[in-house]
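Novice: My questions all concern the structure below.
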Amino acid sequence: GAVVSQHPSRVICKSGTSVKIECRSLDFQATTMFWYRQFPKQSLMLMATSNEGSKATYEQGVEKDKFLINHASLTLSTLTVTSAHPEDSSFYICSAQGQLNTEAFFGQGTRLTVV
Amino acid sequence: DAKTTQPPSMDCAEGRAANLPCNHSTISGNEYVYWYRQIHSQGPQYIIHGLKNNETNEMASLIITEDRKSSTLILPHATLRDTAVYYCIVLSGTYKYIFGTGTRLKVLA
């Protein structure tokens with residue numbers, strides 16, 4: 001299957017700082033990318049959907065000013081967690097989809113720990 | 001978005017077929033059923049998807065009932081590496097992949 005690369009795989013940051021997570025589709029052009037958050041022993045929770053060149057659509061309850069998403073090209077989307085707090089510690093996962101109604105491929109995830 | 005219901009957990013003996021059910025009784029006519037699995041601390045892995053007909057690939061088979069209200073993912077010869085959480089997702093017109101609680105499959109040696 002197609003490859004989606006997420007970087008970094010792990011990051012530890014201090015409370016109050018910002019962290020950027022990259023998601024790249026390596027062998028296809030992703031018109032749509034999705035960002036998820038997963039807490040321990042829970043399912044993936046969709047945070048936002050981004051389409052290349054347009055603003056991301058955030059799910060209810062997700063603060064768009066705190067979780068900045070940029071989908072500047074067909075192969076790259078970034079999620080920036082701004083002013084991180086310990087409660088933002090989680091497993092963040094991106095996925096990319098080439099065309100609507102086709103399978104989405106997921107990155108390997110980023111484990112964020114805010115201390 | 002169509003809701004899916006899966007049993008929270010299942011065990012399967014190594015080498016035997018694992019049959020994972022999913023109920024999606026509110027599915028609409030043009031909504032696809034997708035299956036993914038997540039091995040601990042990794043991103044979900046695509047397995048298979050279908051609309052009406054049964055599907056098979058190198059990983060699994062997908063059996064969709066005629067009324068499309070339920071489906072079954074079949075891993076024909078489960079191995080220890082198939083231990084994971086399996087998610088059944090109905091892809092709606094919004095094209096969002098909404099994950100339910102999934103089925104935690106444990107393959108036993």
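Letters A, B, ... go to the chains of the structure tokens in the order shown; residues in each chain start at 1; ligands are counted from 1 in the same order.
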Within 7 Å of chain A, which residues of chain B are there when counting only C-alpha atoms? Please give them as a list in words.
Specialist: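 Using only C-alpha atoms, chain B residues at most 7 Å from chain A: Gln42, Gly43, Pro44, Gln45, Tyr46, Tyr95, Ile98, Phe99, Gly100 and Thr101 of chain B.
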Novice: Got a sec: who's within 9 Å of stretch 65-73 of chain B, counting only C-alpha atoms, leaving out chain neighbours fewer than 3 positions off, as a list in words?
Specialist: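 Residues meeting the cut-off are Thr4, Ala18, Asn19, Leu20, Pro21, Cys22, Asn23, His24, Ser25, Thr26, Ile27, Ser28, Gly29, Val33, Trp35, Ile48, Leu51, Lys52, Asn53, Asn54, Ala60, Ser61, Leu62 and Cys88 of chain B.
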Novice: I'd like to know which residues of chain B are strand (DSSP E) (by DSSP, run on the backbone); could you write them as a PyMOL selection string?
Specialist: chain B and resi 9-13+18-23+32-38+45-50+55-56+61-64+70-75+84-91+103-108
Novice: Restricted to N, CA and C atoms, what would the selected residues look like written as a compact mmCIF listing (two decimals), in the first residue's frame?
Specialist:
```
# COMPACT_ATOMS: atom_id res chain seq x y z
N SER B 9 -14.07 -7.63 22.20
CA SER B 9 -12.89 -8.49 22.16
C SER B 9 -13.24 -9.88 21.64
N MET B 10 -12.22 -10.53 21.09
CA MET B 10 -12.35 -11.91 20.62
C MET B 10 -11.01 -12.59 20.74
N ASP B 11 -11.06 -13.90 20.95
CA ASP B 11 -9.85 -14.72 20.92
C ASP B 11 -9.94 -15.66 19.73
N CYS B 12 -8.80 -16.02 19.22
CA CYS B 12 -8.75 -16.96 18.10
C CYS B 12 -7.48 -17.79 18.24
N ALA B 13 -7.58 -19.07 17.97
CA ALA B 13 -6.41 -19.93 18.02
C ALA B 13 -5.56 -19.72 16.78
N ALA B 18 -10.16 -16.32 11.78
CA ALA B 18 -10.75 -15.34 12.69
C ALA B 18 -11.87 -14.63 11.94
N ASN B 19 -13.05 -14.67 12.52
CA ASN B 19 -14.22 -14.04 11.91
C ASN B 19 -14.66 -12.87 12.78
N LEU B 20 -14.50 -11.68 12.27
CA LEU B 20 -14.81 -10.50 13.07
C LEU B 20 -16.07 -9.83 12.50
N PRO B 21 -17.14 -9.78 13.31
CA PRO B 21 -18.40 -9.21 12.82
C PRO B 21 -18.48 -7.71 13.03
N CYS B 22 -19.32 -7.11 12.21
CA CYS B 22 -19.59 -5.67 12.35
C CYS B 22 -21.03 -5.42 11.95
N ASN B 23 -21.72 -4.69 12.78
CA ASN B 23 -23.10 -4.32 12.48
C ASN B 23 -23.14 -2.86 12.04
N TYR B 32 -19.44 2.89 1.66
CA TYR B 32 -18.54 1.75 1.66
C TYR B 32 -18.24 1.31 3.09
N VAL B 33 -17.90 0.03 3.23
CA VAL B 33 -17.43 -0.51 4.50
C VAL B 33 -15.92 -0.72 4.39
N TYR B 34 -15.19 -0.13 5.31
CA TYR B 34 -13.73 -0.25 5.36
C TYR B 34 -13.33 -0.96 6.64
N TRP B 35 -12.25 -1.71 6.53
CA TRP B 35 -11.67 -2.36 7.71
C TRP B 35 -10.21 -1.95 7.83
N TYR B 36 -9.85 -1.58 9.06
CA TYR B 36 -8.47 -1.27 9.40
C TYR B 36 -8.11 -2.03 10.67
N ARG B 37 -6.84 -2.15 10.90
CA ARG B 37 -6.40 -2.70 12.18
C ARG B 37 -5.27 -1.86 12.73
N GLN B 38 -5.15 -1.88 14.05
CA GLN B 38 -4.11 -1.11 14.70
C GLN B 38 -3.37 -2.02 15.67
N GLN B 45 -3.66 0.24 9.96
CA GLN B 45 -3.27 -0.37 8.68
C GLN B 45 -4.51 -0.73 7.90
N TYR B 46 -4.57 -0.32 6.65
CA TYR B 46 -5.71 -0.65 5.80
C TYR B 46 -5.73 -2.15 5.54
N ILE B 47 -6.93 -2.75 5.59
CA ILE B 47 -7.05 -4.17 5.30
C ILE B 47 -7.83 -4.40 4.01
N ILE B 48 -9.06 -3.91 3.97
CA ILE B 48 -9.93 -4.22 2.85
C ILE B 48 -11.15 -3.31 2.89
N HIS B 49 -11.84 -3.16 1.79
CA HIS B 49 -13.09 -2.43 1.79
C HIS B 49 -14.03 -3.00 0.74
N GLY B 50 -15.32 -2.70 0.88
CA GLY B 50 -16.30 -3.18 -0.08
C GLY B 50 -17.57 -2.37 -0.03
N GLU B 55 -15.42 -9.30 -1.00
CA GLU B 55 -14.10 -8.95 -1.49
C GLU B 55 -13.04 -9.82 -0.82
N THR B 56 -11.98 -10.06 -1.56
CA THR B 56 -10.85 -10.82 -1.01
C THR B 56 -9.55 -10.21 -1.50
N SER B 61 -10.68 -11.57 3.77
CA SER B 61 -11.91 -11.56 2.97
C SER B 61 -12.95 -10.74 3.71
N LEU B 62 -13.79 -10.09 2.94
CA LEU B 62 -14.87 -9.29 3.50
C LEU B 62 -16.19 -9.83 2.96
N ILE B 63 -17.04 -10.24 3.89
CA ILE B 63 -18.35 -10.75 3.51
C ILE B 63 -19.39 -9.73 3.94
N ILE B 64 -20.16 -9.21 3.00
CA ILE B 64 -21.19 -8.23 3.30
C ILE B 64 -22.54 -8.89 3.06
N SER B 70 -24.77 -5.69 7.83
CA SER B 70 -23.66 -6.21 8.62
C SER B 70 -22.61 -6.79 7.68
N SER B 71 -21.43 -6.97 8.24
CA SER B 71 -20.34 -7.57 7.46
C SER B 71 -19.45 -8.36 8.40
N THR B 72 -18.62 -9.20 7.80
CA THR B 72 -17.67 -10.01 8.56
C THR B 72 -16.32 -9.96 7.88
N LEU B 73 -15.32 -9.66 8.65
CA LEU B 73 -13.94 -9.71 8.18
C LEU B 73 -13.40 -11.08 8.54
N ILE B 74 -12.81 -11.75 7.57
CA ILE B 74 -12.27 -13.08 7.82
C ILE B 74 -10.76 -13.07 7.57
N LEU B 75 -10.02 -13.42 8.61
CA LEU B 75 -8.59 -13.68 8.47
C LEU B 75 -8.47 -15.20 8.37
N ALA B 84 -4.39 -7.54 17.29
CA ALA B 84 -4.53 -6.10 17.05
C ALA B 84 -5.95 -5.69 17.38
N VAL B 85 -6.22 -4.40 17.29
CA VAL B 85 -7.59 -3.90 17.37
C VAL B 85 -8.08 -3.69 15.95
N TYR B 86 -9.21 -4.27 15.62
CA TYR B 86 -9.77 -4.21 14.28
C TYR B 86 -10.96 -3.26 14.26
N TYR B 87 -10.92 -2.34 13.33
CA TYR B 87 -11.96 -1.32 13.22
C TYR B 87 -12.75 -1.48 11.93
N CYS B 88 -14.04 -1.46 12.06
CA CYS B 88 -14.96 -1.46 10.93
C CYS B 88 -15.48 -0.03 10.79
N ILE B 89 -15.37 0.54 9.62
CA ILE B 89 -15.74 1.94 9.42
C ILE B 89 -16.65 2.04 8.20
N VAL B 90 -17.72 2.79 8.34
CA VAL B 90 -18.56 3.09 7.20
C VAL B 90 -18.20 4.48 6.71
N LEU B 91 -17.77 4.56 5.47
CA LEU B 91 -17.34 5.83 4.92
C LEU B 91 -18.55 6.56 4.35
N THR B 103 -12.73 -4.06 17.69
CA THR B 103 -12.64 -5.37 18.34
C THR B 103 -11.18 -5.68 18.61
N ARG B 104 -10.89 -5.97 19.85
CA ARG B 104 -9.53 -6.36 20.20
C ARG B 104 -9.40 -7.86 19.99
N LEU B 105 -8.67 -8.25 18.94
CA LEU B 105 -8.46 -9.65 18.62
C LEU B 105 -7.16 -10.13 19.23
N LYS B 106 -7.26 -11.20 19.95
CA LYS B 106 -6.06 -11.82 20.51
C LYS B 106 -5.92 -13.20 19.90
N VAL B 107 -4.81 -13.42 19.22
CA VAL B 107 -4.53 -14.72 18.63
C VAL B 107 -3.68 -15.50 19.62
N LEU B 108 -4.16 -16.68 19.95
CA LEU B 108 -3.52 -17.49 20.99
C LEU B 108 -2.69 -18.60 20.38
```
Novice: What's the separation between atom CA of A:Leu112 and atom CA of B:Lys96, in Å to one decimal place?
Specialist: 23.9 Å
Novice: Given the choices A:Leu76, A:Ala96, A:Val81, A:Val115, which gets closest to A:Glu22 if the distance is worked out from only C-alpha atoms?
Specialist: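 Smallest separation from A:Glu22 among the options: A:Leu76.
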Novice: Quick one: distance from atom CA of A:Ser73 to atom CA of A:Cys23 in Å, one decimal?
Specialist: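 Computed distance, atom CA of A:Ser73 to atom CA of A:Cys23, equals 11.0 Å.
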Novice: Got a sec: who's within 10 Å of A:Pro86, counting only C-alpha atoms, leaving out chain neighbours fewer than 2 positions off, as a ChimeraX atom specification?
Specialist: /A:13-16,84,88-90,112-115
Novice: Store the residues of this selection in a file with all heavy atoms, as a PDB file, in the first residue's frame.
Specialist:
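As a result, again.pdb now contains:
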```
ATOM      1  N   CYS A  13       8.249  17.882  25.057  1.00  0.00           N
ATOM      2  CA  CYS A  13       8.422  19.334  25.071  1.00  0.00           C
ATOM      3  C   CYS A  13       7.986  19.889  26.416  1.00  0.00           C
ATOM      4  O   CYS A  13       7.271  19.229  27.178  1.00  0.00           O
ATOM      5  CB  CYS A  13       7.641  19.988  23.936  1.00  0.00           C
ATOM      6  SG  CYS A  13       5.853  20.007  24.169  1.00  0.00           S
ATOM      7  N   LYS A  14       8.452  21.107  26.662  1.00  0.00           N
ATOM      8  CA  LYS A  14       8.090  21.760  27.912  1.00  0.00           C
ATOM      9  C   LYS A  14       6.743  22.437  27.783  1.00  0.00           C
ATOM     10  O   LYS A  14       6.351  22.905  26.700  1.00  0.00           O
ATOM     11  CB  LYS A  14       9.153  22.784  28.295  1.00  0.00           C
ATOM     12  CG  LYS A  14      10.484  22.161  28.709  1.00  0.00           C
ATOM     13  CD  LYS A  14      11.437  23.229  29.212  1.00  0.00           C
ATOM     14  CE  LYS A  14      12.725  22.585  29.689  1.00  0.00           C
ATOM     15  NZ  LYS A  14      13.676  23.610  30.193  1.00  0.00           N
ATOM     16  N   SER A  15       6.053  22.506  28.870  1.00  0.00           N
ATOM     17  CA  SER A  15       4.762  23.163  28.909  1.00  0.00           C
ATOM     18  C   SER A  15       4.888  24.606  28.432  1.00  0.00           C
ATOM     19  O   SER A  15       5.833  25.300  28.811  1.00  0.00           O
ATOM     20  CB  SER A  15       4.214  23.115  30.339  1.00  0.00           C
ATOM     21  OG  SER A  15       2.870  23.471  30.378  1.00  0.00           O
ATOM     22  N   GLY A  16       3.993  25.028  27.557  1.00  0.00           N
ATOM     23  CA  GLY A  16       4.014  26.390  27.054  1.00  0.00           C
ATOM     24  C   GLY A  16       4.677  26.550  25.702  1.00  0.00           C
ATOM     25  O   GLY A  16       4.529  27.579  25.049  1.00  0.00           O
ATOM     26  N   ALA A  84       1.624  24.133  24.358  1.00  0.00           N
ATOM     27  CA  ALA A  84       1.266  22.790  24.808  1.00  0.00           C
ATOM     28  C   ALA A  84       1.190  22.702  26.326  1.00  0.00           C
ATOM     29  O   ALA A  84       1.955  23.349  27.047  1.00  0.00           O
ATOM     30  CB  ALA A  84       2.274  21.781  24.274  1.00  0.00           C
ATOM     31  N   ASP A  88      -2.278  17.848  26.739  1.00  0.00           N
ATOM     32  CA  ASP A  88      -2.149  17.638  25.295  1.00  0.00           C
ATOM     33  C   ASP A  88      -1.300  16.416  24.976  1.00  0.00           C
ATOM     34  O   ASP A  88      -1.190  16.026  23.803  1.00  0.00           O
ATOM     35  CB  ASP A  88      -1.535  18.871  24.619  1.00  0.00           C
ATOM     36  CG  ASP A  88      -2.392  20.110  24.769  1.00  0.00           C
ATOM     37  OD1 ASP A  88      -3.628  19.981  24.727  1.00  0.00           O
ATOM     38  OD2 ASP A  88      -1.815  21.209  24.956  1.00  0.00           O
ATOM     39  N   SER A  89      -0.698  15.846  25.998  1.00  0.00           N
ATOM     40  CA  SER A  89       0.096  14.632  25.787  1.00  0.00           C
ATOM     41  C   SER A  89      -0.813  13.544  25.228  1.00  0.00           C
ATOM     42  O   SER A  89      -1.855  13.229  25.799  1.00  0.00           O
ATOM     43  CB  SER A  89       0.715  14.167  27.106  1.00  0.00           C
ATOM     44  OG  SER A  89       1.586  15.140  27.618  1.00  0.00           O
ATOM     45  N   SER A  90      -0.415  12.989  24.114  1.00  0.00           N
ATOM     46  CA  SER A  90      -1.267  12.014  23.440  1.00  0.00           C
ATOM     47  C   SER A  90      -0.504  11.417  22.260  1.00  0.00           C
ATOM     48  O   SER A  90       0.645  11.786  21.981  1.00  0.00           O
ATOM     49  CB  SER A  90      -2.538  12.701  22.929  1.00  0.00           C
ATOM     50  OG  SER A  90      -3.475  11.771  22.429  1.00  0.00           O
ATOM     51  N   LEU A 112       3.406  12.472  21.707  1.00  0.00           N
ATOM     52  CA  LEU A 112       3.779  13.756  22.307  1.00  0.00           C
ATOM     53  C   LEU A 112       3.642  13.671  23.817  1.00  0.00           C
ATOM     54  O   LEU A 112       2.595  13.271  24.331  1.00  0.00           O
ATOM     55  CB  LEU A 112       2.867  14.870  21.770  1.00  0.00           C
ATOM     56  CG  LEU A 112       2.960  16.229  22.476  1.00  0.00           C
ATOM     57  CD1 LEU A 112       4.350  16.837  22.306  1.00  0.00           C
ATOM     58  CD2 LEU A 112       1.893  17.186  21.970  1.00  0.00           C
ATOM     59  N   THR A 113       4.708  14.059  24.481  1.00  0.00           N
ATOM     60  CA  THR A 113       4.686  14.151  25.936  1.00  0.00           C
ATOM     61  C   THR A 113       5.033  15.579  26.319  1.00  0.00           C
ATOM     62  O   THR A 113       6.090  16.093  25.926  1.00  0.00           O
ATOM     63  CB  THR A 113       5.695  13.186  26.578  1.00  0.00           C
ATOM     64  OG1 THR A 113       5.411  11.850  26.146  1.00  0.00           O
ATOM     65  CG2 THR A 113       5.621  13.256  28.092  1.00  0.00           C
ATOM     66  N   VAL A 114       4.153  16.213  27.051  1.00  0.00           N
ATOM     67  CA  VAL A 114       4.379  17.587  27.503  1.00  0.00           C
ATOM     68  C   VAL A 114       4.687  17.540  29.002  1.00  0.00           C
ATOM     69  O   VAL A 114       3.902  17.012  29.787  1.00  0.00           O
ATOM     70  CB  VAL A 114       3.156  18.477  27.237  1.00  0.00           C
ATOM     71  CG1 VAL A 114       3.462  19.927  27.615  1.00  0.00           C
ATOM     72  CG2 VAL A 114       2.730  18.388  25.779  1.00  0.00           C
ATOM     73  N   VAL A 115       5.852  18.088  29.346  1.00  0.00           N
ATOM     74  CA  VAL A 115       6.267  18.023  30.761  1.00  0.00           C
ATOM     75  C   VAL A 115       6.279  19.414  31.390  1.00  0.00           C
ATOM     76  O   VAL A 115       6.265  20.419  30.694  1.00  0.00           O
ATOM     77  CB  VAL A 115       7.661  17.362  30.886  1.00  0.00           C
ATOM     78  CG1 VAL A 115       7.609  15.936  30.383  1.00  0.00           C
ATOM     79  CG2 VAL A 115       8.714  18.160  30.130  1.00  0.00           C
TER      80      VAL A 115
END
```
